[in-house]
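Data file: protein.txt. Format and content: compact mmCIF, C-alpha atoms.
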# COMPACT_ATOMS: atom_id res chain seq x y z
CA MET A 1 276.10 43.54 98.76
CA PRO A 2 274.89 46.10 101.33
CA ALA A 3 272.96 43.33 103.11
CA VAL A 4 275.93 41.12 103.96
CA ALA A 5 277.58 43.43 106.48
CA VAL A 6 274.55 43.62 108.78
CA THR A 7 273.92 39.87 109.07
CA GLY A 8 276.45 39.30 111.83
CA ASN A 9 277.38 35.88 110.48
CA SER A 10 278.62 36.58 106.93
CA ARG A 11 281.19 38.61 105.05
CA MET A 12 282.15 39.08 101.41
CA GLN A 13 285.61 37.87 100.41
CA ALA A 14 285.51 38.29 96.63
CA ILE A 15 283.51 39.67 93.72
CA VAL A 16 283.73 37.60 90.54
CA SER A 17 283.08 39.81 87.53
CA GLY A 18 283.93 40.39 83.89
CA SER A 19 283.88 44.16 84.55
CA PRO A 20 286.97 44.70 86.72
CA GLU A 21 286.74 48.48 87.03
CA VAL A 22 283.14 48.44 88.24
CA ALA A 23 283.84 45.46 90.48
CA ARG A 24 286.79 47.28 92.05
CA GLN A 25 284.59 50.30 92.82
CA LEU A 26 282.09 48.04 94.54
CA ALA A 27 284.81 46.10 96.34
CA ASP A 28 286.40 49.29 97.69
CA PHE A 29 283.02 50.67 98.79
CA HIS A 30 281.96 47.48 100.58
CA GLY A 31 285.40 46.50 101.89
CA VAL A 32 285.69 43.34 99.80
CA PRO A 33 289.32 42.09 99.66
CA GLU A 34 289.34 40.49 96.20
CA VAL A 35 288.13 41.11 92.67
CA VAL A 36 288.36 37.98 90.52
CA ASP A 37 287.84 37.59 86.76
CA TYR A 38 285.72 34.68 85.55
CA SER A 39 288.93 32.94 84.50
CA GLY A 40 289.95 32.90 88.17
CA TYR A 41 286.69 31.43 89.45
CA ASP A 42 287.95 27.85 89.66
CA ASP A 43 291.04 28.89 91.63
CA LEU A 44 288.85 30.84 94.05
CA ILE A 45 286.43 27.96 94.72
CA ALA A 46 289.36 25.56 95.08
CA SER A 47 290.83 27.73 97.86
CA ASP A 48 289.97 27.94 101.55
CA ARG A 49 289.30 31.67 101.30
CA ILE A 50 285.55 31.23 100.85
CA ASP A 51 282.86 28.89 102.20
CA ALA A 52 279.99 29.76 99.88
CA VAL A 53 279.08 31.40 96.59
CA TYR A 54 276.06 33.55 95.70
CA ILE A 55 275.28 33.15 91.98
CA ALA A 56 273.30 36.04 90.49
CA LEU A 57 274.33 35.51 86.87
CA PRO A 58 271.92 35.37 83.91
CA ASN A 59 269.76 32.25 84.01
CA SER A 60 271.71 30.50 81.26
CA MET A 61 274.87 30.53 83.40
CA HIS A 62 273.41 29.25 86.69
CA ALA A 63 274.00 25.54 86.16
CA ASP A 64 277.65 25.75 85.08
CA TYR A 65 278.85 28.00 87.90
CA THR A 66 276.74 26.20 90.51
CA ILE A 67 277.95 22.72 89.62
CA ARG A 68 281.59 23.83 89.56
CA ALA A 69 281.26 25.32 93.04
CA LEU A 70 279.47 22.29 94.47
CA LYS A 71 282.11 19.95 93.06
CA ALA A 72 284.71 22.09 94.82
CA GLY A 73 282.83 21.64 98.10
CA LYS A 74 281.46 25.20 98.27
CA HIS A 75 277.92 25.93 99.39
CA VAL A 76 275.83 27.72 96.76
CA MET A 77 272.92 30.13 96.92
CA VAL A 78 271.66 30.52 93.35
CA GLU A 79 269.08 32.95 92.07
CA LYS A 80 265.78 31.64 90.78
CA PRO A 81 264.90 30.14 88.42
CA LEU A 82 267.29 27.32 89.15
CA ALA A 83 268.42 27.01 85.51
CA THR A 84 266.93 27.00 82.01
CA SER A 85 266.00 23.31 81.58
CA MET A 86 265.10 20.25 83.62
CA SER A 87 268.34 18.52 82.62
CA GLU A 88 270.43 21.42 83.93
CA SER A 89 268.35 21.67 87.10
CA GLU A 90 268.55 17.95 87.79
CA ALA A 91 272.32 18.05 87.25
CA MET A 92 272.57 20.81 89.88
CA VAL A 93 270.56 18.76 92.37
CA ALA A 94 272.65 15.69 91.59
CA ALA A 95 275.83 17.69 92.19
CA THR A 96 274.73 18.73 95.67
CA ARG A 97 273.82 15.14 96.54
CA GLU A 98 277.35 14.12 95.61
CA SER A 99 278.86 17.01 97.56
CA THR A 100 279.20 17.87 101.23
CA ALA A 101 277.90 21.35 100.37
CA PHE A 102 274.37 22.77 100.39
CA LEU A 103 272.47 24.17 97.41
CA MET A 104 269.89 26.85 98.26
CA THR A 105 267.54 28.54 95.80
CA ALA A 106 267.32 32.26 96.59
CA TYR A 107 263.68 32.63 97.61
CA ARG A 108 264.14 35.72 99.78
CA LEU A 109 260.46 35.85 100.73
CA HIS A 110 260.79 32.55 102.61
CA ASN A 111 262.68 34.47 105.30
CA GLU A 112 260.49 37.60 105.34
CA PRO A 113 257.75 38.35 107.96
CA GLY A 114 254.89 39.35 105.62
CA THR A 115 255.05 36.06 103.73
CA HIS A 116 255.21 34.18 107.04
CA GLY A 117 252.15 36.13 108.23
CA MET A 118 250.18 35.09 105.14
CA ILE A 119 251.15 31.43 105.43
CA GLU A 120 250.36 31.36 109.16
CA ALA A 121 246.92 32.95 108.57
CA ILE A 122 246.14 30.18 106.07
CA ARG A 123 247.50 27.36 108.21
CA SER A 124 245.57 28.55 111.26
CA GLY A 125 242.30 28.44 109.31
CA LYS A 126 241.50 32.15 109.38
CA ILE A 127 239.86 31.90 105.95
CA GLY A 128 238.92 28.22 106.06
CA GLU A 129 240.37 26.00 103.38
CA PRO A 130 242.09 27.89 100.53
CA VAL A 131 240.28 27.19 97.26
CA PHE A 132 241.49 29.93 94.87
CA PHE A 133 244.72 31.90 94.52
CA THR A 134 245.32 34.87 92.27
CA SER A 135 248.36 37.09 91.95
CA THR A 136 250.00 39.82 89.86
CA PHE A 137 253.61 40.88 89.56
CA GLY A 138 254.51 43.38 86.86
CA PHE A 139 256.40 46.56 86.05
CA GLN A 140 258.07 48.36 83.15
CA SER A 141 261.43 46.79 82.29
CA LEU A 142 264.15 48.91 80.69
CA LEU A 143 265.59 48.23 77.25
CA GLY A 144 269.05 46.65 77.40
CA ASN A 145 268.42 44.41 80.40
CA HIS A 146 269.67 40.84 79.89
CA ARG A 147 266.29 39.66 81.21
CA LEU A 148 264.85 40.67 77.84
CA GLN A 149 267.11 38.24 75.94
CA ALA A 150 265.78 34.86 74.86
CA ASN A 151 269.20 33.17 74.97
CA HIS A 152 269.30 33.71 78.75
CA TRP A 153 265.70 32.43 79.11
CA GLY A 154 264.61 35.97 79.77
CA GLY A 155 261.06 37.15 80.21
CA ALA A 156 258.57 37.93 82.92
CA LEU A 157 257.70 34.28 83.64
CA PRO A 158 261.11 33.08 84.91
CA ASP A 159 261.98 36.44 86.45
CA VAL A 160 258.82 37.53 88.31
CA GLY A 161 256.22 34.88 87.48
CA VAL A 162 258.23 32.46 89.59
CA TYR A 163 257.30 34.52 92.67
CA CYS A 164 253.59 34.06 91.94
CA LEU A 165 254.03 30.35 91.22
CA ASN A 166 256.08 29.74 94.35
CA ALA A 167 253.54 31.56 96.50
CA ALA A 168 250.68 29.47 95.06
CA ARG A 169 252.52 26.24 95.78
CA HIS A 170 253.07 27.23 99.41
CA VAL A 171 249.53 28.55 99.90
CA PHE A 172 248.13 25.18 98.81
CA ALA A 173 251.10 23.15 100.15
CA ALA A 174 250.85 21.16 96.93
CA GLU A 175 252.26 20.86 93.42
CA PRO A 176 250.21 21.79 90.32
CA ILE A 177 248.88 18.98 88.16
CA ALA A 178 247.85 20.96 85.06
CA VAL A 179 248.58 24.39 83.56
CA GLN A 180 247.23 26.69 80.86
CA ALA A 181 248.81 29.95 79.69
CA MET A 182 248.37 32.77 77.21
CA ALA A 183 251.12 35.26 76.34
CA SER A 184 251.05 38.80 74.94
CA ARG A 185 253.73 40.53 72.86
CA PRO A 186 252.95 44.03 71.53
CA SER A 187 254.37 44.75 68.09
CA GLY A 188 256.76 47.63 67.64
CA ASP A 189 258.19 47.57 71.18
CA PRO A 190 261.92 46.74 70.89
CA ARG A 191 261.97 45.36 74.45
CA PHE A 192 259.84 42.44 73.31
CA ALA A 193 261.57 41.49 70.09
CA GLU A 194 262.70 38.20 71.68
CA ILE A 195 260.40 37.64 74.66
CA ASP A 196 256.76 38.03 75.61
CA ALA A 197 255.71 41.17 77.44
CA GLY A 198 253.27 39.41 79.74
CA LEU A 199 251.76 36.06 80.56
CA ALA A 200 248.43 35.02 82.10
CA VAL A 201 248.51 31.59 83.74
CA THR A 202 245.95 29.18 85.20
CA LEU A 203 247.01 26.20 87.32
CA ARG A 204 245.05 23.29 88.73
CA PHE A 205 246.11 21.82 92.08
CA PRO A 206 244.95 18.58 93.70
CA GLY A 207 241.56 18.83 95.39
CA ASP A 208 240.06 20.94 92.57
CA ARG A 209 241.89 24.05 93.79
CA LEU A 210 242.76 26.69 91.21
CA ALA A 211 245.38 29.41 90.89
CA GLN A 212 245.85 32.22 88.40
CA PHE A 213 248.54 34.82 88.00
CA PHE A 214 249.64 37.56 85.61
CA CYS A 215 253.29 38.59 85.23
CA SER A 216 254.62 41.35 83.01
CA PHE A 217 257.62 43.43 81.98
CA GLY A 218 255.35 45.95 80.25
CA SER A 219 252.73 46.94 82.83
CA GLY A 220 252.34 49.43 85.61
CA THR A 221 253.79 48.30 88.91
CA SER A 222 251.57 45.66 90.50
CA GLU A 223 252.46 43.12 93.20
CA SER A 224 249.63 41.38 94.97
CA ILE A 225 248.28 38.07 96.25
CA ARG A 226 244.64 37.25 96.97
CA VAL A 227 243.62 33.92 98.47
CA VAL A 228 239.95 32.98 98.62
CA GLY A 229 239.09 30.43 101.27
CA SER A 230 235.97 28.47 102.15
CA SER A 231 235.04 31.03 104.83
CA GLY A 232 236.95 34.20 104.01
CA GLU A 233 239.73 35.76 101.99
CA LEU A 234 243.10 37.41 102.48
CA ILE A 235 245.06 39.92 100.45
CA LEU A 236 248.80 40.54 100.61
CA ASP A 237 249.47 43.86 98.87
CA PRO A 238 252.30 44.77 98.43
CA ALA A 239 253.46 41.17 98.19
CA PHE A 240 256.80 40.72 96.43
CA LYS A 241 259.17 43.65 95.93
CA PHE A 242 262.14 43.97 98.26
CA ASP A 243 261.63 47.73 98.69
CA SER A 244 258.02 47.34 99.84
CA ALA A 245 256.55 47.02 103.32
CA LEU A 246 254.16 44.08 102.97
CA ARG A 247 250.59 44.45 104.22
CA LEU A 248 248.08 41.69 104.94
CA THR A 249 244.28 42.10 104.95
CA VAL A 250 242.13 39.25 106.32
CA ARG A 251 238.37 39.26 105.75
CA ALA A 252 236.35 36.65 107.63
CA ASP A 253 233.28 36.42 109.86
CA GLY A 254 232.10 39.83 108.69
CA LYS A 255 235.28 41.49 109.93
CA GLU A 256 238.32 42.96 108.23
CA THR A 257 241.71 42.87 109.93
CA ILE A 258 244.66 44.77 108.48
CA ILE A 259 248.16 43.75 109.52
CA PRO A 260 250.97 46.04 108.34
CA PHE A 261 254.43 44.50 108.50
CA GLN A 262 257.61 46.41 109.21
CA GLN A 263 259.78 46.85 106.16
CA VAL A 264 262.85 44.65 106.39
CA ASP A 265 265.92 43.97 104.27
CA HIS A 266 265.00 40.79 102.40
CA PHE A 267 268.58 40.08 101.35
CA SER A 268 270.01 40.34 104.86
CA GLY A 269 267.43 37.87 106.09
CA GLN A 270 268.09 35.45 103.26
CA ILE A 271 271.87 35.59 103.65
CA ALA A 272 271.74 35.29 107.44
CA TYR A 273 269.50 32.22 107.15
CA PHE A 274 271.77 30.61 104.55
CA SER A 275 274.87 31.19 106.68
CA ASP A 276 273.05 29.83 109.75
CA CYS A 277 272.31 26.66 107.78
CA ILE A 278 275.99 26.33 106.91
CA LEU A 279 277.18 27.01 110.47
CA THR A 280 274.75 24.52 112.03
CA ARG A 281 274.94 21.98 109.18
CA THR A 282 271.17 22.27 108.73
CA PRO A 283 269.96 21.74 105.13
CA PRO A 284 268.13 24.84 103.87
CA GLU A 285 264.39 24.61 103.27
CA ALA A 286 264.61 26.28 99.86
CA ASN A 287 267.02 23.67 98.57
CA GLY A 288 267.61 22.43 95.05
CA GLU A 289 264.47 20.29 95.19
CA GLU A 290 262.40 23.42 95.90
CA GLY A 291 263.91 25.13 92.88
CA LEU A 292 263.34 21.98 90.82
CA ALA A 293 259.63 21.94 91.75
CA ASP A 294 259.19 25.45 90.36
CA MET A 295 261.20 24.56 87.25
CA ARG A 296 258.79 21.71 86.42
CA ALA A 297 255.85 24.10 86.49
CA LEU A 298 257.65 27.01 84.77
CA LEU A 299 258.63 24.85 81.81
CA ALA A 300 255.11 23.42 81.60
CA ILE A 301 253.71 26.97 81.55
CA ASP A 302 256.17 27.89 78.81
CA GLU A 303 254.99 24.90 76.78
CA ALA A 304 251.32 25.70 77.38
CA ALA A 305 251.80 29.27 76.15
CA ARG A 306 253.49 28.00 72.97
CA CYS A 307 251.06 25.20 72.11
CA GLY A 308 247.85 26.83 73.33
CA SER A 309 246.56 23.77 75.16
CA THR A 310 246.51 22.33 78.66
CA VAL A 311 249.78 20.76 79.79
CA ARG A 312 249.46 18.10 82.46
CA LEU A 313 252.10 17.39 85.08
CA ASP A 314 252.86 14.11 86.82
CA PRO A 315 251.69 14.23 90.45
CA GLN A 316 254.48 15.24 92.84
CA SER A 317 254.66 15.33 96.61
CA PHE A 318 255.05 18.75 98.20
CA LYS A 319 258.44 18.41 99.88
CA ALA A 320 259.08 21.80 101.46
CA GLY A 321 257.33 24.15 103.81
CA ILE A 322 258.05 27.59 105.22
CA SER A 323 258.62 27.38 109.00
CA THR A 324 259.00 30.05 111.69
CA SER A 325 262.62 29.00 112.28
CA MET A 326 263.45 30.56 108.90
CA LEU A 327 262.17 34.04 109.76
CA ARG A 328 264.82 36.78 109.87
CA SER A 329 264.23 40.52 110.33
CA PHE A 330 266.88 43.15 109.64
CA SER A 331 266.33 46.87 109.16
CA PRO A 332 266.59 48.08 105.54
CA THR A 333 270.10 48.96 104.47
CA THR A 334 270.83 52.47 103.20
CA ARG A 335 274.54 52.43 102.46
CA ARG A 336 274.81 51.48 98.81
CA LEU A 337 276.74 52.32 95.65
CA LEU A 338 275.02 52.27 92.26
CA VAL A 339 277.40 51.89 89.31
Before we go any further, please render this structure as structure tokens.
Amino acid sequence: MPAVAVTGNSRMQAIVSGSPEVARQLADFHGVPEVVDYSGYDDLIASDRIDAVYIALPNSMHADYTIRALKAGKHVMVEKPLATSMSESEAMVAATRESTAFLMTAYRLHNEPGTHGMIEAIRSGKIGEPVFFTSTFGFQSLLGNHRLQANHWGGALPDVGVYCLNAARHVFAAEPIAVQAMASRPSGDPRFAEIDAGLAVTLRFPGDRLAQFFCSFGSGTSESIRVVGSSGELILDPAFKFDSALRLTVRADGKETIIPFQQVDHFSGQIAYFSDCILTRTPPEANGEEGLADMRALLAIDEAARCGSTVRLDPQSFKAGISTSMLRSFSPTTRRLLV
């Protein structure tokens, strides 16, 4: 919410919430004209008062609210993961094909300078050909968070593991063809009564390239990417969190180069890019197909962790790519209300 006001091309018209008192506090603080109950959602999207919807609901509710908005002709930016199943995800993509509206998956790092710096270093051959990717993203999650509930497809994999997976796909500019996974769930911790605490994943990409990542809701804070190339390596650390200033280290030819990036507001950049796409009628890069590509791999990883064996994926073309035209840089916002 704090990010919208600084974009210059977007404004908030309504907050849709089942908690009207809290929503009204936020609306008054951010100057939002309307607070709408979920029962009023269809009337809102049928009106001309809004152009687009940002859906940040629990994963299990993404598909329903996205498809309803798209059918009403409203553009949608939906949080990752796209949904909780391939059938839901494919229905969302089908809905945008039948609509005049865009569907964008909310990959905020696609519009952020540190991620662009990493991708550009790889594309320009600073470490040769990338052959191995490894990443971590973990922290301690608090009891009571809906991300710990199985009925919402909670857990570290769909919530933070998706960042590692998405980064690996863009580093290799390819889709994985096989996955293995092993989960951990400590006994006696009420946070993990329904979900795994952490997951270690190995992925094979075409060309005998490998990726590994570890994601967790029960670890110390860790957010890093390391890419080993045929003639060097790079490290992005920090790599993922929106309150971090990303930093890139490139080691090649016996030299080490450190590139610190200015901290930016990830949400402002993402929203500004999405609104630019709407205003110029340019389909967003991180569209429904991009979200669908991650869903294929996420569900395969889930299956591999359950069955304990390698899960193979049908070969898929890599359809998307991060480009410099997507880069947006806004100073971090400080005016916020926590309720």
If you take only C-alpha atoms and a cut-off of 9 Å, which residues of region 216-278 of chain A touch region 144-165 of chain A, and what are their nearest atom pairs and distances in Å to one decimal, in chain and number order, as JSON lines?
{"residue": "A:Ser216", "atom": "CA", "partner": "A:Ala156", "partner_atom": "CA", "distance": 5.2}
{"residue": "A:Phe217", "atom": "CA", "partner": "A:Ala156", "partner_atom": "CA", "distance": 5.7}
{"residue": "A:Ser224", "atom": "CA", "partner": "A:Cys164", "partner_atom": "CA", "distance": 8.9}
{"residue": "A:Ile225", "atom": "CA", "partner": "A:Cys164", "partner_atom": "CA", "distance": 7.9}
{"residue": "A:Phe240", "atom": "CA", "partner": "A:Tyr163", "partner_atom": "CA", "distance": 7.3}
Using all atoms listed in the file, list the residues that have an atom at most 6 Å from (261.8, 45.4, 103.3), coordinates as in the file, as a PyMOL selection string. chain A and resi 242-245+263-266+332
Could you write those residues out with C-alpha atoms, as a compact mmCIF listing (two decimals), in the coordinates of the input?
# COMPACT_ATOMS: atom_id res chain seq x y z
CA PHE A 242 262.14 43.97 98.26
CA ASP A 243 261.63 47.73 98.69
CA SER A 244 258.02 47.34 99.84
CA ALA A 245 256.55 47.02 103.32
CA GLN A 263 259.78 46.85 106.16
CA VAL A 264 262.85 44.65 106.39
CA ASP A 265 265.92 43.97 104.27
CA HIS A 266 265.00 40.79 102.40
CA PRO A 332 266.59 48.08 105.54
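Distances from A:Gln212, A:Leu70, A:Glu289, A:Lys126 to Met86 (chain A) were compared using all atoms listed in the file, and the smallest one belongs to A:Glu289.
When only C-alpha atoms are used to measure the gap to Ala252 (chain A), the shortest distance among A:Leu327, A:Ala181, A:Ala320, A:Ala121 belongs to A:Ala121.
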What are the closest atom pairs, with distances in Å to one decimal, for each residue of region 66-119 of chain A lying within 12 Å of region 34-45 of chain A, using all atoms listed in the file, rows by chain and rising residue number, as a Markdown table?
| residue | atom | partner | partner_atom | distance |
| --- | --- | --- | --- | --- |
| A:Thr66 | CA | A:Ile45 | CA | 10.7 |
| A:Ile67 | CA | A:Ile45 | CA | 11.2 |
| A:Arg68 | CA | A:Asp42 | CA | 7.5 |
| A:Ala69 | CA | A:Ile45 | CA | 6.0 |
| A:Leu70 | CA | A:Ile45 | CA | 9.0 |
| A:Lys71 | CA | A:Ile45 | CA | 9.3 |
| A:Ala72 | CA | A:Ile45 | CA | 6.1 |
| A:Gly73 | CA | A:Ile45 | CA | 8.0 |
| A:Lys74 | CA | A:Ile45 | CA | 6.7 |
| A:His75 | CA | A:Ile45 | CA | 9.9 |
| A:Val76 | CA | A:Ile45 | CA | 10.8 |
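For the pair CA of Leu337 (chain A) and CA of Arg24 (chain A), the interatomic distance is 11.8 Å.
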Nearest-residue call for Glu175 (chain A), choices A:Glu21, A:Glu303, A:Asp314, A:Asp28, using all atoms listed in the file: A:Asp314
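Shortest separation to Ala286 (chain A) among A:Val228, A:Ala106, A:Met182, A:Ala83 occurs at residue A:Ala106, atoms counted being all atoms listed in the file.
For the pair CA of Arg108 (chain A) and CA of Gly232 (chain A), the separation is 27.6 Å.
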Polymer residues at most 10 Å from (270.4, 18.6, 98.9) by only C-alpha atoms, as a list in words: Met92, Val93, Ala94, Ala95, Thr96, Arg97, Glu98, Ser99, Thr100, Ala101, Phe102, Leu103, Met104, Pro283, Pro284, Glu285, Ala286, Asn287, Gly288, Glu289 and Glu290 of chain A
Could you name the residues that touch Tyr273 (chain A) at 12 Å or less, counting only C-alpha atoms, but leaving out those on the same chain fewer than 6 positions away, as a ChimeraX atom specification? /A:4,7-10,77,104,106-112,266-267,279-286,324-330
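Proximity to Gln180 (chain A) was assessed for A:Ile15, A:Ile119, A:Cys215, A:Val311 counting all atoms listed in the file; the smallest distance is recorded for A:Val311.
One distance worth recording is that between CA of Phe213 (chain A) and CA of Ala63 (chain A), which is 27.2 Å.
Nearest to Phe261 (chain A) of all the residues A:Val227, A:Cys277, A:Asp237, A:Pro176 is A:Asp237, based on all atoms listed in the file.
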Report as a ChimeraX atom specification all protein, DNA and RNA residues lying within 9 Å of Ser184 (chain A), evaluated on all atoms listed in the file, omitting residues in the same chain fewer than 4 positions from it. /A:196-200
Please identify all polymer residues within 12 Å of Arg336 (chain A), counting only C-alpha atoms, omitting same-chain residues fewer than 4 positions from it, and present them as a PDB file with C-alpha atoms, in the frame of the given file.
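Saved to part-v2.pdb:
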ATOM      1  CA  MET A   1     276.100  43.540  98.760  1.00  0.00           C
ATOM      2  CA  PRO A   2     274.890  46.100 101.330  1.00  0.00           C
ATOM      3  CA  ALA A   3     272.960  43.330 103.110  1.00  0.00           C
ATOM      4  CA  VAL A   4     275.930  41.120 103.960  1.00  0.00           C
ATOM      5  CA  ALA A   5     277.580  43.430 106.480  1.00  0.00           C
ATOM      6  CA  GLN A  25     284.590  50.300  92.820  1.00  0.00           C
ATOM      7  CA  LEU A  26     282.090  48.040  94.540  1.00  0.00           C
ATOM      8  CA  ALA A  27     284.810  46.100  96.340  1.00  0.00           C
ATOM      9  CA  ASP A  28     286.400  49.290  97.690  1.00  0.00           C
ATOM     10  CA  PHE A  29     283.020  50.670  98.790  1.00  0.00           C
ATOM     11  CA  HIS A  30     281.960  47.480 100.580  1.00  0.00           C
ATOM     12  CA  PRO A 332     266.590  48.080 105.540  1.00  0.00           C
TER      13      PRO A 332
END
Filled-in N, CA and C atoms of region 259-278 of chain A, supplied as a tab-separated table (two decimals), in the coordinates of the input:
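Done, and the output landed in selection.tsv:
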chain	number	residue	atom	x	y	z
A	259	ILE	N	246.90	43.97	108.81
A	259	ILE	CA	248.16	43.75	109.52
A	259	ILE	C	249.29	44.33	108.68
A	260	PRO	N	249.81	45.51	109.06
A	260	PRO	CA	250.97	46.04	108.34
A	260	PRO	C	252.25	45.45	108.92
A	261	PHE	N	253.16	45.06	108.06
A	261	PHE	CA	254.43	44.50	108.50
A	261	PHE	C	255.53	45.53	108.35
A	262	GLN	N	256.46	45.50	109.28
A	262	GLN	CA	257.61	46.41	109.21
A	262	GLN	C	258.45	46.07	107.99
A	263	GLN	N	258.90	47.09	107.30
A	263	GLN	CA	259.78	46.85	106.16
A	263	GLN	C	261.11	46.32	106.65
A	264	VAL	N	261.58	45.27	106.02
A	264	VAL	CA	262.85	44.65	106.39
A	264	VAL	C	263.73	44.52	105.16
A	265	ASP	N	265.00	44.22	105.39
A	265	ASP	CA	265.92	43.97	104.27
A	265	ASP	C	265.84	42.48	103.93
A	266	HIS	N	265.21	42.19	102.79
A	266	HIS	CA	265.00	40.79	102.40
A	266	HIS	C	266.32	40.05	102.21
A	267	PHE	N	267.32	40.74	101.68
A	267	PHE	CA	268.58	40.08	101.35
A	267	PHE	C	269.37	39.75	102.60
A	268	SER	N	269.34	40.64	103.58
A	268	SER	CA	270.01	40.34	104.86
A	268	SER	C	269.41	39.10	105.50
A	269	GLY	N	268.08	39.03	105.50
A	269	GLY	CA	267.43	37.87	106.09
A	269	GLY	C	267.77	36.58	105.38
A	270	GLN	N	267.77	36.63	104.06
A	270	GLN	CA	268.09	35.45	103.26
A	270	GLN	C	269.52	34.99	103.48
A	271	ILE	N	270.45	35.94	103.47
A	271	ILE	CA	271.87	35.59	103.65
A	271	ILE	C	272.13	35.07	105.05
A	272	ALA	N	271.55	35.73	106.06
A	272	ALA	CA	271.74	35.29	107.44
A	272	ALA	C	271.22	33.87	107.63
A	273	TYR	N	270.06	33.57	107.05
A	273	TYR	CA	269.50	32.22	107.15
A	273	TYR	C	270.41	31.21	106.47
A	274	PHE	N	270.89	31.52	105.27
A	274	PHE	CA	271.77	30.61	104.55
A	274	PHE	C	273.04	30.33	105.35
A	275	SER	N	273.64	31.38	105.90
A	275	SER	CA	274.87	31.19	106.68
A	275	SER	C	274.58	30.41	107.96
A	276	ASP	N	273.42	30.63	108.58
A	276	ASP	CA	273.05	29.83	109.75
A	276	ASP	C	272.96	28.35	109.39
A	277	CYS	N	272.39	28.05	108.23
A	277	CYS	CA	272.31	26.66	107.78
A	277	CYS	C	273.70	26.05	107.65
A	278	ILE	N	274.62	26.82	107.08
A	278	ILE	CA	275.99	26.33	106.91
A	278	ILE	C	276.66	26.11	108.26
